[in-house]
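I have placed the structure first, in the form of structure tokens, so that the comments after it can refer back to it.
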Amino acid sequence: MRRTPRDALVAGDIGRWLRQWRETTVPIPRREFLRRAGQAAVTVGAASQLGWLQGCGRSTSTGSALRALADGMDGRVVAPGDPRYGQASQLFDPRFDDARPLAVAECLSSSDVERAVRWATAHGIRPIPRSGGHSYAGYSTGDGLVIDVTGLNRVSIDRNRKTATIGAGSRLIDVYSALSAHGVAIPAGSCPTVGVAGLTLGGGVGLSSRKLGLTSDQLMAAELVTASGQTVTCDARTRPELFWACRGGGGGNFGVATSFTFRLYPVKRVAIYQTQWSWEHAAAVFDAWQRWAPTAPDELFSICKFNNGGPRAKSPQPVVTSFGQYLGPEHELATALGPLLASAPPTSHQISTMSFLDAQRFWAGCEGSVPQCHLPNQVRGGTLDRWAYKAKSDYVAAALPPAAIDTMIRWVEAWPGGADAMGGGIQMDSYGGAINRVAPNATAFVHRDSLFSCQYLAFWLPSQVASAEGPSLQWIDSFYAAMRPYVSGFAYQNYIDPDLGDWLHAYYGSNLTGLTDVKRAYDPGDVFRFAQSIPV
Ligand SMILES: Cc1cc2nc3c(=O)[nH]c(=O)nc-3n(C[C@H](O)[C@H](O)[C@H](O)COP(=O)(O)OP(=O)(O)OC[C@H]3O[C@@H](n4cnc5c(N)ncnc54)[C@H](O)[C@@H]3O)c2cc1C
């Protein structure tokens, strides 16, 4: 039976919560788009071809140009008028369903990607890379040419070298599934349908990360099609500066990634826990959590969450929960949890052991088969739903004082809820361990000295965006503003936030200069640009 999102939340299904993270877009206004496209066209010497885009109408010359693109591709080009256009244009978040790309190039090979990039630049069109389509800000759509790499989804394992080469369009559940058949894994995120490209390029944090590092920390090589339309590879020896940028420099900035080679780790069974306390214990539990989770054994990745489920939730009050994964036996996890459990008596506490793949399915909120862990429009038999949501991101470098904890509690209580809203709250992911043992400048992912990350979250039914969006956005902005005195000013680039003020500093800090150098070297014409791209 297909469970509704509401069922999942009422049942306290944390996996469903975890996959309900997304963001708002800042579509480039058409005039600005044309201005920028014109600049790029001048760069590539094809300004004259821009004319056929103006005025929104898609003329015969547009159609024939797109046909010429399609003719040389292994994959397809889906343009307006094609019955598949609506579906091919969709991202995970229905808030971006109004985006109207010029067309979607569904690539099946690196040469398709090369062709699409060359075609776009030659026509002064913005190429928009897309993998899993989970950009919080809708940055993998827009009115340019979407270069969809989901057809590049092969996972091949080299047992001798203990590496896997993974197509850039692979979705995480398929990666976990293919690797677990060989008893190995990479550290990656919890959402089954997130694409490996967006995740890796922005860092990649998941429930194995305190032991195995970020997804990008295990990257050994990447293959990209750059702005010139050429495929290049990079690793520690070849184009090391591009390789550095691919590990946290953010998706969509330097070219279209077509494949990644990762170092593999053996995984067996894992222990997981879920604990809930009544709201009166929120301050005590969180304070214990923040002093314990970032220094707990590396095997443990722990999350603490304050959630207000609204009037239809089982509990009339918000709840505080903690859950996590331990890469080791259950008895070790039980011991490790001691300081957290001593903070207050829980109302429920569960601990269990399962295979690594089952645990990833569990966190994903799809305990059925692997095909079921997809959206129905992506894979036959998929049972997952799309969601509308808004999130904001913070990092915390020093334990939050009582005044900050009190602020969090007050704002979670103040979540506006309403009949159409699904839930609102704040989620803290523990850092430390292997994440923080990497120097901030060793890769482009700068956030190496945080105790934990915070994610402010509000989500609502996609069909009810109109009524739930306004109050939710207002609430999340005010909550975020109230926390300014207590946080580091940094934000996770994969929780990309179009409303963030000093976003270049927040995402990249002292690594920004290195990133702009790489941008100038590989994309001097700023072909790969969006509202929050690395500037040239
Ligand atoms: C429900 C949900 C759960 C999440 N859970 C986690 C989590 O557990 N851990 C975590 O770290 N993050 C998590 N995220 C955030 C996620 O890592 C980012 O949203 C990520 O950018 C999504 O990648 P994608 O390929 O699915 O998205 P897309 O929207 O396809 O791409 C994101 C960005 O990368 C660019 N891009 C896409 N493909 C390519 C490519 N082939 N080459 C170059 N650039 C490309 C796009 O242009 C866009 O700018 C979650 C997001 C959601 C919506």
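Simple scheme: letters A, B, ... for chains in structure tokens order, numbers from 1 for residues in each chain, numbers from 1 for ligands in the order shown.
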Find the nearest atom pair between each residue of chain A and ligand 1 for residues within 6 Å, count only C-alpha atoms and all ligand atoms, give distances in Å to one decimal, sort rows by chain and ascending number, and present the table as CSV.
```
residue,atom,partner,partner_atom_place_in_ligand_line,distance
A:Leu18,CA,ligand 1,3 (C),5.8
A:Arg19,CA,ligand 1,1 (C),3.2
A:Gln20,CA,ligand 1,1 (C),4.6
A:Trp21,CA,ligand 1,1 (C),4.4
A:Arg22,CA,ligand 1,53 (C),4.6
A:Ile128,CA,ligand 1,47 (O),5.4
A:Pro129,CA,ligand 1,47 (O),4.1
A:Arg130,CA,ligand 1,30 (O),3.7
A:Ser131,CA,ligand 1,30 (O),3.6
A:Gly132,CA,ligand 1,26 (O),3.1
A:Gly133,CA,ligand 1,29 (O),3.2
A:His134,CA,ligand 1,27 (O),3.8
A:Ser135,CA,ligand 1,29 (O),3.6
A:Tyr136,CA,ligand 1,19 (O),5.3
A:Tyr139,CA,ligand 1,49 (O),4.6
A:Ser140,CA,ligand 1,47 (O),4.1
A:Val149,CA,ligand 1,41 (N),6.0
A:Ala168,CA,ligand 1,41 (N),5.3
A:Gly189,CA,ligand 1,8 (O),3.3
A:Ser190,CA,ligand 1,8 (O),4.0
A:Cys191,CA,ligand 1,3 (C),4.4
A:Val194,CA,ligand 1,26 (O),3.7
A:Gly195,CA,ligand 1,25 (O),3.6
A:Val196,CA,ligand 1,25 (O),5.7
A:Ala197,CA,ligand 1,25 (O),4.8
A:Gly198,CA,ligand 1,23 (O),3.2
A:Leu199,CA,ligand 1,17 (O),3.8
A:Gly204,CA,ligand 1,11 (O),3.6
A:Val205,CA,ligand 1,11 (O),3.8
A:Gly206,CA,ligand 1,8 (O),5.0
A:Gly251,CA,ligand 1,34 (O),3.3
A:Gly252,CA,ligand 1,44 (N),3.5
A:Gly255,CA,ligand 1,43 (C),5.5
A:Val256,CA,ligand 1,42 (N),3.6
A:Ala257,CA,ligand 1,42 (N),3.7
A:Thr258,CA,ligand 1,41 (N),5.6
A:Asn494,CA,ligand 1,18 (C),4.5
A:Tyr495,CA,ligand 1,15 (C),5.5
```
Give one line per residue of range 167-254 of chain A that approaches range 430-442 of chain A to at most 9 Å, naming the two atoms of the closest pair and their distance in Å to one decimal, counting only C-alpha atoms; sort by chain then ascending residue number and deliver it as CSV.
```
residue,atom,partner,partner_atom,distance
A:Val205,CA,A:Ile435,CA,8.7
A:Ser209,CA,A:Ile435,CA,6.5
A:Arg210,CA,A:Gly433,CA,4.6
A:Lys211,CA,A:Ala434,CA,5.5
A:Leu212,CA,A:Ala434,CA,6.2
A:Gly213,CA,A:Ile435,CA,4.9
A:Leu214,CA,A:Ile435,CA,6.3
A:Asp217,CA,A:Ile435,CA,8.4
A:Trp244,CA,A:Ala442,CA,7.5
```
| For Pro524 in chain A, which of A:Leu473, A:Val536, A:Gly501, A:Gly202 is the closest residue, counting only C-alpha atoms? |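 Residue with the minimum atom-to-atom distance to Pro524 in chain A: A:Val536.
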| Selected residue, from A:Ala282, A:Met73, A:Ile157, A:Met220, that lies nearest to Pro318 in chain A when counting only C-alpha atoms |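 Checking each candidate against Pro318 in chain A, we get A:Ala282 as the closest.
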| Residues of range 257-502 of chain A in helix (DSSP H, G or I), written as a PyMOL selection string | chain A and resi 279-295+330-336+338-341+356-364+371-373+402-413+433-436+462-482+484-486
| field | Shell around Lys162 in chain A at 8 Å using only C-alpha atoms, local window under 4 positions removed, as a list in words | value | Ile157, Asp158, Arg263, Leu264 and Tyr265 of chain A
| query | Pick the closest to Thr321 in chain A from A:Gln532, A:Ser472, A:Gln276, A:Gln290: which is it, counting only C-alpha atoms? | reply | A:Gln276
| query | What residues in range 100-201 of chain A get the DSSP label strand (DSSP E)? Please answer as number ranges by chain. | reply | A: 103-106, 127-130, 145-148, 155-158, 163-167, 184-185
| request: List the neighbours of Arg529 in chain A out to 9 Å using only C-alpha atoms; skip same-chain residues closer than 6 positions along the sequence, and give me the result as a PyMOL selection string. | output: chain A and resi 36+126-128+252-253+535
Output for the residues just chosen: N, CA, C and O atoms as a tab-separated table (two decimals), in the first residue's frame:
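The resulting selection_3.tsv:
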```
chain	number	residue	atom	x	y	z
A	36	ARG	N	22.56	37.83	-19.73
A	36	ARG	CA	23.70	36.94	-19.47
A	36	ARG	C	23.95	36.01	-20.65
A	36	ARG	O	25.07	35.72	-21.02
A	126	ARG	N	22.08	28.98	-21.83
A	126	ARG	CA	22.72	28.53	-20.58
A	126	ARG	C	22.56	27.02	-20.42
A	126	ARG	O	21.43	26.51	-20.37
A	127	PRO	N	23.67	26.27	-20.34
A	127	PRO	CA	23.56	24.84	-20.06
A	127	PRO	C	23.32	24.65	-18.57
A	127	PRO	O	24.01	25.26	-17.75
A	128	ILE	N	22.37	23.81	-18.21
A	128	ILE	CA	22.01	23.62	-16.80
A	128	ILE	C	22.18	22.14	-16.45
A	128	ILE	O	21.34	21.31	-16.82
A	252	GLY	N	27.25	22.41	-10.51
A	252	GLY	CA	26.87	23.36	-11.55
A	252	GLY	C	27.87	24.46	-11.82
A	252	GLY	O	27.58	25.36	-12.60
A	253	ASN	N	29.07	24.41	-11.23
A	253	ASN	CA	30.00	25.53	-11.35
A	253	ASN	C	31.09	25.38	-12.40
A	253	ASN	O	31.51	26.36	-12.99
A	535	PRO	N	31.70	33.04	-8.97
A	535	PRO	CA	31.93	34.07	-9.99
A	535	PRO	C	33.28	33.88	-10.69
A	535	PRO	O	34.20	33.28	-10.14
```
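Take the candidates A:Ala481, A:Leu333, A:Val77, A:Ala222 and check each one against Asp235 in chain A using only C-alpha atoms; the shortest distance goes to A:Ala222.
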| field | Among the residues A:Tyr480, A:Leu201, A:Thr233, A:Ala137, the one that comes closest to Gly250 in chain A [using only C-alpha atoms] | value |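 Of all the options, A:Leu201 lies closest to Gly250 in chain A.
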| request: Please provide as a list in words all residues within 8 Å of Ala105 in chain A, with the sequence filter that same-chain residues fewer than 6 positions apart are discarded (counting only C-alpha atoms). | output: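 Residues near the query, excluding close chain neighbours: Ala70, Gly75, Arg76, Val77, Val78, Ala116, Leu145, Val146, Ile147 and Asp148 of chain A.
In this comparison, which uses only C-alpha atoms, the residue of A:Ala404, A:Ala397, A:Ile534, A:Val370 approaching Ala491 in chain A most closely is A:Ala397.
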